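Listing of start.cif; format and content: mmCIF, C-alpha atoms and all ligand atoms.
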data_structure
#
loop_
_atom_site.label_atom_id
_atom_site.label_comp_id
_atom_site.auth_asym_id
_atom_site.auth_seq_id
_atom_site.Cartn_x
_atom_site.Cartn_y
_atom_site.Cartn_z
CA MET O 1 62.94 162.58 95.53
CA SER O 2 61.63 160.19 92.95
CA ASP O 3 63.30 160.17 89.56
CA ILE O 4 60.96 157.76 87.84
CA LYS O 5 57.31 157.31 88.72
CA ILE O 6 55.35 154.65 86.90
CA GLU O 7 51.77 153.86 87.85
CA ASN O 8 49.59 151.24 86.21
CA LEU O 9 51.57 151.47 82.99
CA SER O 10 50.49 149.23 80.15
CA VAL O 11 52.05 149.13 76.70
CA GLN O 12 50.67 147.34 73.68
CA TYR O 13 52.56 147.41 70.39
CA LEU O 14 50.39 148.15 67.40
CA GLY O 15 48.96 145.00 65.87
CA GLU O 16 49.89 142.84 68.89
CA GLU O 17 47.27 140.97 70.86
CA GLU O 18 49.18 140.75 74.12
CA LYS O 19 50.38 143.68 76.17
CA ALA O 20 54.19 143.97 76.39
CA LEU O 21 53.80 145.71 79.77
CA ASP O 22 50.74 144.99 81.85
CA ASP O 23 49.78 147.28 84.72
CA VAL O 24 53.31 148.01 85.89
CA SER O 25 53.84 150.28 88.90
CA VAL O 26 57.24 151.26 90.26
CA GLU O 27 58.91 154.23 91.84
CA ILE O 28 62.64 154.77 91.46
CA LYS O 29 64.45 157.29 93.63
CA GLN O 30 67.27 159.55 92.59
CA GLY O 31 70.60 157.72 92.77
CA GLU O 32 69.10 154.24 92.96
CA PHE O 33 70.61 151.32 91.06
CA VAL O 34 67.72 149.24 89.76
CA ALA O 35 68.08 145.94 87.90
CA ILE O 36 65.37 144.52 85.66
CA LEU O 37 65.28 140.73 85.47
CA GLY O 38 63.11 138.53 83.32
CA SER O 39 63.17 135.94 80.58
CA HIS O 40 63.22 136.68 76.86
CA GLY O 41 60.02 138.55 75.95
CA ALA O 42 59.16 139.45 79.55
CA GLY O 43 59.09 143.18 78.77
CA LYS O 44 62.52 144.38 79.92
CA THR O 45 63.29 146.27 76.72
CA THR O 46 59.80 147.75 76.57
CA LEU O 47 60.21 149.11 80.10
CA CYS O 48 63.60 150.63 79.20
CA LEU O 49 62.19 152.15 76.00
CA SER O 50 59.19 153.57 77.84
CA ILE O 51 61.53 155.35 80.24
CA ASN O 52 63.60 156.95 77.47
CA GLY O 53 60.53 157.72 75.37
CA ILE O 54 61.49 155.62 72.32
CA VAL O 55 58.22 153.80 72.98
CA PRO O 56 55.82 155.22 71.88
CA ASN O 57 57.58 158.18 70.20
CA MET O 58 59.72 156.17 67.76
CA ILE O 59 58.21 152.70 68.05
CA ALA O 60 54.45 152.99 67.85
CA ALA O 61 52.44 151.53 70.70
CA ASP O 62 49.38 152.26 72.76
CA MET O 63 50.40 153.38 76.23
CA TYR O 64 48.11 153.66 79.24
CA GLY O 65 48.81 154.79 82.78
CA ILE O 66 51.20 157.27 84.33
CA ILE O 67 54.88 157.65 83.53
CA GLU O 68 57.03 160.53 84.77
CA VAL O 69 60.77 160.56 84.24
CA ALA O 70 63.01 163.29 85.63
CA GLY O 71 60.01 165.57 85.87
CA GLU O 72 59.00 164.96 82.24
CA VAL O 73 56.28 162.88 80.63
CA PRO O 74 58.28 160.89 78.02
CA PRO O 75 55.53 160.47 75.40
CA LYS O 76 55.03 164.24 75.42
CA ILE O 77 58.57 165.40 74.60
CA PRO O 78 60.94 164.53 71.73
CA VAL O 79 63.30 161.62 72.44
CA ARG O 80 66.28 163.82 71.59
CA GLU O 81 65.27 166.36 74.21
CA LEU O 82 64.63 163.73 76.87
CA ALA O 83 68.18 162.43 76.21
CA THR O 84 69.48 165.41 78.17
CA LYS O 85 67.82 163.84 81.22
CA VAL O 86 67.84 160.14 80.37
CA GLY O 87 70.85 158.55 78.70
CA SER O 88 70.43 155.23 76.92
CA VAL O 89 72.78 152.35 76.19
CA PHE O 90 71.69 149.30 74.18
CA ASP O 91 72.90 145.76 73.78
CA ASN O 92 74.83 145.99 70.55
CA PRO O 93 77.46 148.73 70.78
CA GLU O 94 78.45 148.52 67.12
CA PHE O 95 74.95 149.46 65.95
CA GLN O 96 75.22 152.64 67.99
CA MET O 97 78.37 153.84 66.19
CA SER O 98 78.28 155.96 63.06
CA GLN O 99 81.23 158.36 63.11
CA LEU O 100 84.87 158.11 62.04
CA THR O 101 86.41 159.00 65.39
CA VAL O 102 85.60 158.50 69.05
CA PHE O 103 85.50 162.28 69.50
CA GLU O 104 82.98 162.79 66.70
CA GLU O 105 80.92 159.91 67.99
CA VAL O 106 80.47 161.55 71.38
CA ALA O 107 79.99 164.99 69.78
CA LEU O 108 77.09 163.86 67.62
CA GLY O 109 74.29 164.10 70.18
CA LEU O 110 75.45 167.46 71.45
CA GLN O 111 75.79 168.87 67.94
CA ASN O 112 72.26 167.72 67.16
CA LEU O 113 71.08 169.72 70.16
CA GLY O 114 72.85 172.80 68.87
CA VAL O 115 75.16 173.11 71.87
CA ASP O 116 78.08 175.55 71.48
CA LYS O 117 81.54 174.26 70.56
CA GLU O 118 83.20 175.06 73.87
CA THR O 119 80.58 173.21 75.90
CA ILE O 120 80.77 170.28 73.49
CA GLU O 121 84.53 169.95 73.98
CA LYS O 122 84.23 170.25 77.73
CA ASN O 123 81.45 167.67 77.96
CA ILE O 124 83.29 165.24 75.68
CA VAL O 125 86.50 165.43 77.70
CA GLY O 126 84.54 164.85 80.91
CA ALA O 127 82.49 161.98 79.47
CA LEU O 128 85.50 160.16 77.97
CA GLU O 129 87.36 160.55 81.24
CA MET O 130 84.42 159.11 83.18
CA VAL O 131 84.38 155.94 81.07
CA GLY O 132 88.15 155.55 80.93
CA LEU O 133 88.55 156.44 77.24
CA LYS O 134 90.69 159.53 77.58
CA GLY O 135 93.31 159.40 74.83
CA PHE O 136 90.98 157.52 72.46
CA GLU O 137 89.63 160.72 70.83
CA ASP O 138 91.12 160.07 67.37
CA ARG O 139 90.59 156.32 67.26
CA SER O 140 87.96 154.73 65.04
CA PRO O 141 84.88 153.51 66.96
CA PHE O 142 84.97 150.41 64.79
CA GLU O 143 88.53 149.41 65.69
CA ILE O 144 88.24 149.34 69.45
CA SER O 145 87.13 146.38 71.58
CA GLY O 146 83.47 145.64 72.36
CA GLY O 147 83.95 146.77 75.95
CA GLN O 148 85.51 150.02 74.74
CA GLN O 149 82.68 150.50 72.22
CA GLN O 150 80.11 150.05 74.92
CA ARG O 151 81.94 152.52 77.16
CA LEU O 152 81.97 154.90 74.20
CA ALA O 153 78.20 154.50 73.92
CA MET O 154 78.04 155.34 77.62
CA ALA O 155 80.21 158.43 77.05
CA SER O 156 77.84 159.58 74.29
CA ALA O 157 74.93 159.25 76.68
CA LEU O 158 76.83 160.93 79.52
CA SER O 159 77.96 163.87 77.39
CA MET O 160 74.36 165.11 77.52
CA LYS O 161 74.64 165.30 81.33
CA PRO O 162 71.63 163.09 82.07
CA GLN O 163 70.47 162.33 85.61
CA ILE O 164 69.34 158.83 84.67
CA LEU O 165 71.12 156.14 82.65
CA VAL O 166 69.08 153.29 81.16
CA LEU O 167 71.06 150.27 79.98
CA ASP O 168 69.35 147.44 78.11
CA GLU O 169 71.48 144.30 78.39
CA PRO O 170 74.65 146.33 77.81
CA THR O 171 77.01 143.39 78.35
CA SER O 172 75.19 140.63 76.47
CA ASN O 173 77.49 140.89 73.42
CA LEU O 174 80.73 141.38 75.35
CA ASP O 175 83.52 139.07 76.45
CA PRO O 176 84.23 138.74 80.19
CA ILE O 177 86.74 141.60 80.18
CA GLY O 178 84.31 143.87 78.32
CA LYS O 179 81.52 142.96 80.75
CA GLU O 180 83.74 143.80 83.71
CA GLU O 181 84.69 147.18 82.17
CA VAL O 182 81.06 148.14 81.59
CA PHE O 183 79.99 147.08 85.10
CA THR O 184 82.86 148.98 86.70
CA VAL O 185 81.99 152.17 84.83
CA THR O 186 78.27 151.74 85.51
CA ARG O 187 78.90 151.43 89.21
CA LYS O 188 81.23 154.44 89.21
CA ILE O 189 78.65 156.58 87.43
CA ASN O 190 76.07 155.55 90.02
CA GLN O 191 78.23 155.91 93.12
CA GLU O 192 80.50 158.82 92.26
CA GLU O 193 78.31 160.85 89.91
CA GLY O 194 75.03 159.97 91.63
CA LEU O 195 73.20 159.00 88.45
CA THR O 196 70.14 156.82 88.74
CA VAL O 197 70.82 153.54 86.93
CA VAL O 198 68.16 151.29 85.41
CA ILE O 199 69.70 148.21 83.85
CA ALA O 200 68.28 145.06 82.26
CA GLU O 201 70.97 142.47 82.88
CA HIS O 202 71.43 138.72 83.22
CA GLU O 203 74.62 138.70 85.26
CA VAL O 204 72.92 138.04 88.58
CA GLU O 205 76.16 137.83 90.56
CA VAL O 206 76.90 141.44 89.60
CA ILE O 207 73.32 142.53 90.26
CA ALA O 208 73.51 140.99 93.72
CA GLU O 209 76.54 143.18 94.46
CA PHE O 210 75.41 146.44 92.83
CA ALA O 211 71.64 146.71 92.83
CA ASP O 212 69.59 148.57 95.43
CA LYS O 213 66.45 147.11 93.95
CA ILE O 214 65.45 144.29 91.61
CA LEU O 215 62.32 144.24 89.46
CA LEU O 216 61.31 140.81 88.19
CA LEU O 217 59.21 140.90 85.04
CA GLU O 218 57.06 137.99 83.91
CA GLU O 219 54.87 138.37 80.84
CA GLY O 220 54.82 142.13 81.19
CA LYS O 221 54.00 142.19 84.90
CA ILE O 222 56.27 142.99 87.84
CA THR O 223 55.85 139.87 89.93
CA LYS O 224 58.55 140.61 92.49
CA SER O 225 60.49 143.65 93.61
CA GLY O 226 62.85 144.38 96.44
CA THR O 227 66.50 144.24 97.42
CA PRO O 228 68.64 141.37 96.07
CA GLN O 229 68.48 139.92 99.59
CA GLU O 230 64.69 140.02 99.50
CA VAL O 231 64.22 138.78 95.94
CA PHE O 232 66.88 136.17 95.07
CA PRO O 233 66.20 133.62 97.85
CA ASP O 234 62.54 133.52 96.73
CA LEU O 235 63.56 132.66 93.16
CA VAL O 236 65.68 129.58 93.88
CA ASP O 237 62.85 127.11 93.32
CA ILE O 238 61.28 128.88 90.33
CA GLN O 239 64.37 129.71 88.27
CA LYS O 240 63.34 127.49 85.37
CA ASP O 241 59.77 128.82 85.26
CA ILE O 242 60.77 132.47 85.22
CA GLY O 243 63.87 132.05 83.03
CA VAL O 244 66.08 133.86 85.53
CA ARG O 245 69.08 132.42 87.36
CA VAL O 246 69.90 133.23 90.98
CA PRO O 247 73.48 133.77 92.20
CA GLN O 248 75.27 130.43 92.62
CA VAL O 249 76.00 131.20 96.22
CA THR O 250 72.27 131.72 96.92
CA GLU O 251 71.40 128.42 95.29
CA PHE O 252 74.10 126.64 97.25
CA ALA O 253 73.20 128.24 100.58
CA SER O 254 69.53 127.40 100.12
CA LYS O 255 70.47 123.73 99.82
CA VAL O 256 72.36 123.72 103.13
CA PRO O 257 70.45 126.33 105.14
CA ASN O 258 71.75 125.15 108.51
CA LYS O 259 75.28 126.08 107.43
CA PHE O 260 74.44 129.79 107.30
CA SER O 261 73.14 132.13 109.98
CA GLY O 262 70.52 134.79 109.22
CA SER O 263 68.98 135.23 105.78
CA THR O 264 70.18 133.41 102.66
CA PRO O 265 73.31 135.10 101.29
CA VAL O 266 73.31 136.58 97.77
CA THR O 267 76.99 137.51 97.49
CA LEU O 268 80.15 135.60 98.31
CA ASN O 269 81.07 138.09 101.03
CA GLU O 270 77.70 137.66 102.72
CA ALA O 271 78.12 133.89 102.53
CA ILE O 272 81.55 134.04 104.13
CA GLU O 273 80.25 136.29 106.91
CA SER O 274 77.23 134.15 107.70
CA TYR O 275 78.95 130.76 107.32
CA LYS O 276 78.78 128.82 110.57
CA LYS O 277 82.17 127.43 111.45
N1 LIG D 1 58.55 146.50 68.16
C1 LIG D 1 57.72 145.53 68.59
N2 LIG D 1 56.56 145.26 67.94
C2 LIG D 1 55.71 144.31 68.35
N3 LIG D 1 55.91 143.55 69.46
C3 LIG D 1 57.05 143.76 70.15
C4 LIG D 1 58.01 144.75 69.76
N4 LIG D 1 59.03 144.73 70.64
C5 LIG D 1 58.73 143.77 71.53
N5 LIG D 1 57.54 143.19 71.26
C6 LIG D 1 56.87 142.14 72.05
O1 LIG D 1 56.65 142.65 73.35
C7 LIG D 1 56.91 141.66 74.35
C8 LIG D 1 58.01 142.15 75.28
O2 LIG D 1 59.21 142.25 74.53
P1 LIG D 1 60.53 142.92 75.10
O3 LIG D 1 60.17 144.16 75.82
O4 LIG D 1 61.47 143.04 73.97
O5 LIG D 1 61.03 141.82 76.15
P2 LIG D 1 62.49 141.49 76.69
O6 LIG D 1 63.36 142.69 76.50
O7 LIG D 1 62.27 141.14 78.14
O8 LIG D 1 62.98 140.31 75.93
C9 LIG D 1 57.29 140.40 73.58
O9 LIG D 1 56.13 139.62 73.45
C10 LIG D 1 57.74 140.92 72.24
O10 LIG D 1 57.52 139.97 71.23
MG MG D 2 65.20 142.90 75.54
#

Could you take the file, read its structure, and then write that structure out as structure tokens?
Amino acid sequence: MSDIKIENLSVQYLGEEEKALDDVSVEIKQGEFVAILGSHGAGKTTLCLSINGIVPNMIAADMYGIIEVAGEVPPKIPVRELATKVGSVFDNPEFQMSQLTVFEEVALGLQNLGVDKETIEKNIVGALEMVGLKGFEDRSPFEISGGQQQRLAMASALSMKPQILVLDEPTSNLDPIGKEEVFTVTRKINQEEGLTVVIAEHEVEVIAEFADKILLLEEGKITKSGTPQEVFPDLVDIQKDIGVRVPQVTEFASKVPNKFSGSTPVTLNEAIESYKK
């Protein structure tokens, strides 16, 4: 079953001459882990915000084409309502915090929806557990680490029981430990809870391990899509042009192709397996 269906989608912010998304088509199935790659300004954020409805409902833009997300048409329903189907996590966790305690922070979205107290408590406990923040209920969101803040933002999104989680460069402001924490939780949510994950992310080594599918955006167009194994080897020679790095192991293997059997490896494990002794 497809969770996200996008056909010939174009988005143009008001007053802008260029389209931020230009005739984008993609289908994402339930439970898929999809990574969006692209240089600064390629349209990654616009694609994320089109999926969660913030564009055009909160940031004005002209939108053309077809977009269906979890059976809804995002421009046609309030962002707050769509949040029960599509959770969102952004790049700067601190900007997403507003409450005095971790518990209240997660409760906020549910309270806004008018959910009853018992359900709120149950959902919060479950969401904090999922992101590894059980026991943090009374802490201040502003006094925990960046990685913990970002996991808190994930808990807030997850408390609404969405079937899709959209993450826009969630680790770009985190230290290596924070990045690792967020990736671990993201993978767990995808694998154990079965959520569809759409993530804009620069850590290509992690994408190579986790992603079922990569979408490469260039100037608002999807110019490549496929598995990491299909996409990364094709990018080795154009990394500078597209502003996207490939995994180091892929770059290395492409320089000494006769050392590896089969297709070019994208993860260390693949490289070890295909290395010709
Ligand atoms: N709110 C906005 N108003 C006008 N133009 C915008 C807005 N947000 C992004 N853009 C433009 O849309 C294009 C795509 O931006 P964006 O989706 O943020 O790319 P990315 O996330 O890949 O860096 C860029 O040219 C950017 O300048
Ligand atoms: Mg962006």

**Request:** Name the residues in contact with Ile66 of chain O at a cut-off of 12 Å, using all atoms listed in the file, excluding same-chain residues fewer than 4 positions from it; report them as a list in words.
**Result:** Ile4, Lys5, Ile6, Glu7, Asn8, Leu9, Ser10, Val11, Asp23, Val24, Ser25, Val26, Glu27, Ser50, Ile51, Glu72, Val73, Pro74, Pro75 and Lys76 of chain O

Let's have the selection written as a PDB file, keeping the file's coordinate frame, with C-alpha atoms.
ATOM      1  CA  ILE O   4      60.960 157.760  87.840  1.00  0.00           C
ATOM      2  CA  LYS O   5      57.310 157.310  88.720  1.00  0.00           C
ATOM      3  CA  ILE O   6      55.350 154.650  86.900  1.00  0.00           C
ATOM      4  CA  GLU O   7      51.770 153.860  87.850  1.00  0.00           C
ATOM      5  CA  ASN O   8      49.590 151.240  86.210  1.00  0.00           C
ATOM      6  CA  LEU O   9      51.570 151.470  82.990  1.00  0.00           C
ATOM      7  CA  SER O  10      50.490 149.230  80.150  1.00  0.00           C
ATOM      8  CA  VAL O  11      52.050 149.130  76.700  1.00  0.00           C
ATOM      9  CA  ASP O  23      49.780 147.280  84.720  1.00  0.00           C
ATOM     10  CA  VAL O  24      53.310 148.010  85.890  1.00  0.00           C
ATOM     11  CA  SER O  25      53.840 150.280  88.900  1.00  0.00           C
ATOM     12  CA  VAL O  26      57.240 151.260  90.260  1.00  0.00           C
ATOM     13  CA  GLU O  27      58.910 154.230  91.840  1.00  0.00           C
ATOM     14  CA  SER O  50      59.190 153.570  77.840  1.00  0.00           C
ATOM     15  CA  ILE O  51      61.530 155.350  80.240  1.00  0.00           C
ATOM     16  CA  GLU O  72      59.000 164.960  82.240  1.00  0.00           C
ATOM     17  CA  VAL O  73      56.280 162.880  80.630  1.00  0.00           C
ATOM     18  CA  PRO O  74      58.280 160.890  78.020  1.00  0.00           C
ATOM     19  CA  PRO O  75      55.530 160.470  75.400  1.00  0.00           C
ATOM     20  CA  LYS O  76      55.030 164.240  75.420  1.00  0.00           C
TER      21      LYS O  76
END

**Long-range neighbours of Pro228 of chain O as a PyMOL selection string, 8 Å cut-off, only C-alpha atoms, 5 positions minimum in chain** = chain O and resi 207-208+211-214+266

Would you output that residue set with C-alpha atoms, as an mmCIF file, keeping the file's coordinate frame?
data_model
loop_
_atom_site.group_PDB
_atom_site.id
_atom_site.type_symbol
_atom_site.label_atom_id
_atom_site.label_comp_id
_atom_site.auth_asym_id
_atom_site.auth_seq_id
_atom_site.Cartn_x
_atom_site.Cartn_y
_atom_site.Cartn_z
ATOM 1 C CA ILE O 207 73.320 142.530 90.260
ATOM 2 C CA ALA O 208 73.510 140.990 93.720
ATOM 3 C CA ALA O 211 71.640 146.710 92.830
ATOM 4 C CA ASP O 212 69.590 148.570 95.430
ATOM 5 C CA LYS O 213 66.450 147.110 93.950
ATOM 6 C CA ILE O 214 65.450 144.290 91.610
ATOM 7 C CA VAL O 266 73.310 136.580 97.770
#

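Atom to atom, atom CA of Asp241 of chain O and atom CA of Val198 of chain O stand 24.0 Å apart.
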
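Identified as lying at most 6 Å from ligand LIG 1 (chain D) when counting all atoms listed in the file are the residues Tyr13, Ala20, Gly38, Ser39, His40, Gly41, Ala42, Gly43, Lys44, Thr45 and Thr46 of chain O.
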
**Request:** Skip Ala155 of chain O itself and residues of its chain fewer than 6 positions away, then list as a ChimeraX atom specification all residues within 9 Å of it, counting all atoms listed in the file.
**Result:** /O:106,124,126-131,133

**Request:** Name all residues at most 9 Å from Leu235 of chain O (count all atoms listed in the file; drop same-chain ones fewer than 5 positions away) and give them as a ChimeraX atom specification.
**Result:** /O:242,244-246

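Straight-line separation from atom CA of Tyr275 of chain O to atom CA of Phe260 of chain O: 4.6 Å.
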
**Request:** Enter the distance from atom CA of Leu215 of chain O to atom CA of Glu18 of chain O, in Å, rounded to one decimal.
**Result:** 20.5 Å

So that I can see what lies close to segment 157-166 of chain O, please list as an mmCIF file with C-alpha atoms, in the coordinates of the input the residues with an atom at most 6 Å from it, counting only C-alpha atoms and leaving out residues fewer than 2 positions away in the same chain.
data_model
loop_
_atom_site.group_PDB
_atom_site.id
_atom_site.type_symbol
_atom_site.label_atom_id
_atom_site.label_comp_id
_atom_site.auth_asym_id
_atom_site.auth_seq_id
_atom_site.Cartn_x
_atom_site.Cartn_y
_atom_site.Cartn_z
ATOM 1 C CA THR O 84 69.480 165.410 78.170
ATOM 2 C CA LYS O 85 67.820 163.840 81.220
ATOM 3 C CA VAL O 86 67.840 160.140 80.370
ATOM 4 C CA GLY O 87 70.850 158.550 78.700
ATOM 5 C CA SER O 88 70.430 155.230 76.920
ATOM 6 C CA ASN O 123 81.450 167.670 77.960
ATOM 7 C CA ILE O 124 83.290 165.240 75.680
ATOM 8 C CA ALA O 127 82.490 161.980 79.470
ATOM 9 C CA MET O 154 78.040 155.340 77.620
ATOM 10 C CA ALA O 155 80.210 158.430 77.050
ATOM 11 C CA LEU O 195 73.200 159.000 88.450
ATOM 12 C CA THR O 196 70.140 156.820 88.740
ATOM 13 C CA VAL O 197 70.820 153.540 86.930
ATOM 14 C CA VAL O 198 68.160 151.290 85.410
ATOM 15 C CA ILE O 199 69.700 148.210 83.850
#

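Minimum atom-to-atom distance to Val102 of chain O, evaluated using only C-alpha atoms, belongs to O:Pro141 out of O:Gly132, O:Gly178, O:Pro141, O:Gly65.
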
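For the choices O:Asn92, O:Gln111, O:Ser98, O:Thr264, the atom-to-atom distance to ligand MG 2 (chain D) is smallest for O:Asn92 when using all atoms listed in the file.
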
Kindly provide, as AutoDock Vina command-line options, the centre and edge lengths (Å, one decimal) of an axis-aligned box around all atoms of segment 168-186 of chain O given in the file, with 4 Å on each side.
--center_x 78.0 --center_y 145.5 --center_z 80.1 --size_x 25.4 --size_y 21.4 --size_z 21.3

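Shortest atom-to-atom contact with Ala60 of chain O among O:Gly15, O:Pro247, O:Gly146, O:Pro265: O:Gly15, counting all atoms listed in the file.
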
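When all atoms listed in the file are used to compute distances to Leu268 of chain O, the closest of the residues O:Val206, O:Val236, O:Leu113, O:Val55 turns out to be O:Val206.
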
**Request:** Compare O:Glu94, O:Glu105, O:Glu193, O:Glu169 by their minimum atom-to-atom distance to ligand MG 2 (chain D), counting all atoms listed in the file, and give me the closest one.
**Result:** O:Glu169

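Nearest residue to Lys179 of chain O, choosing from O:Glu118, O:Ser140, O:Asp91, O:Glu192 and counting only C-alpha atoms: O:Asp91.
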
**Request:** For the point (77.2, 144.2, 84.2) in the file's frame, write as a ChimeraX atom specification all residues with an atom no more than 9 Å away, counting only C-alpha atoms.
**Result:** /O:169-172,179-184,186-187,199,201-204,206-207

Generate the missing atoms of segment 174-182 of chain O up to all heavy atoms and report them as a CSV table (one decimal), in the frame of the given file.
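Result file part.csv:
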chain,number,residue,atom,x,y,z
O,174,LEU,N,79.3,141.1,75.0
O,174,LEU,CA,80.7,141.4,75.4
O,174,LEU,C,81.4,140.2,76.0
O,174,LEU,O,80.8,139.3,76.6
O,174,LEU,CB,80.8,142.5,76.4
O,174,LEU,CG,80.2,143.9,75.9
O,174,LEU,CD1,80.4,144.9,77.0
O,174,LEU,CD2,80.8,144.3,74.6
O,175,ASP,N,82.7,140.1,75.8
O,175,ASP,CA,83.5,139.1,76.4
O,175,ASP,C,83.6,139.4,77.9
O,175,ASP,O,83.3,140.5,78.4
O,175,ASP,CB,84.9,138.9,75.8
O,175,ASP,CG,85.7,140.2,75.8
O,175,ASP,OD1,85.4,141.1,76.6
O,175,ASP,OD2,86.6,140.3,75.0
O,176,PRO,N,84.2,138.5,78.7
O,176,PRO,CA,84.2,138.7,80.2
O,176,PRO,C,84.9,140.0,80.6
O,176,PRO,O,84.5,140.7,81.5
O,176,PRO,CB,85.0,137.5,80.7
O,176,PRO,CG,84.7,136.4,79.7
O,176,PRO,CD,84.6,137.1,78.4
O,177,ILE,N,86.0,140.4,79.9
O,177,ILE,CA,86.7,141.6,80.2
O,177,ILE,C,85.9,142.8,79.9
O,177,ILE,O,85.8,143.8,80.7
O,177,ILE,CB,88.1,141.7,79.4
O,177,ILE,CG1,89.0,140.6,79.9
O,177,ILE,CG2,88.7,143.1,79.6
O,177,ILE,CD1,90.3,140.4,79.1
O,178,GLY,N,85.2,142.8,78.7
O,178,GLY,CA,84.3,143.9,78.3
O,178,GLY,C,83.2,144.0,79.3
O,178,GLY,O,82.8,145.2,79.7
O,179,LYS,N,82.6,142.9,79.8
O,179,LYS,CA,81.5,143.0,80.8
O,179,LYS,C,82.0,143.7,82.0
O,179,LYS,O,81.4,144.6,82.5
O,179,LYS,CB,81.1,141.5,81.1
O,179,LYS,CG,80.2,140.8,80.1
O,179,LYS,CD,79.7,139.5,80.8
O,179,LYS,CE,79.4,138.4,79.7
O,179,LYS,NZ,78.2,138.6,79.0
O,180,GLU,N,83.2,143.2,82.5
O,180,GLU,CA,83.7,143.8,83.7
O,180,GLU,C,83.9,145.3,83.6
O,180,GLU,O,83.6,146.1,84.5
O,180,GLU,CB,85.1,143.1,84.0
O,180,GLU,CG,85.8,143.5,85.2
O,180,GLU,CD,85.1,143.0,86.5
O,180,GLU,OE1,84.6,141.9,86.4
O,180,GLU,OE2,85.2,143.8,87.5
O,181,GLU,N,84.5,145.7,82.4
O,181,GLU,CA,84.7,147.2,82.2
O,181,GLU,C,83.4,148.0,82.3
O,181,GLU,O,83.3,149.0,82.9
O,181,GLU,CB,85.3,147.4,80.8
O,181,GLU,CG,86.7,146.9,80.6
O,181,GLU,CD,87.1,147.0,79.1
O,181,GLU,OE1,86.4,147.5,78.2
O,181,GLU,OE2,88.2,146.5,78.8
O,182,VAL,N,82.3,147.4,81.6
O,182,VAL,CA,81.1,148.1,81.6
O,182,VAL,C,80.4,148.2,83.0
O,182,VAL,O,79.9,149.2,83.4
O,182,VAL,CB,80.1,147.5,80.6
O,182,VAL,CG1,78.7,148.0,80.7
O,182,VAL,CG2,80.6,147.7,79.2
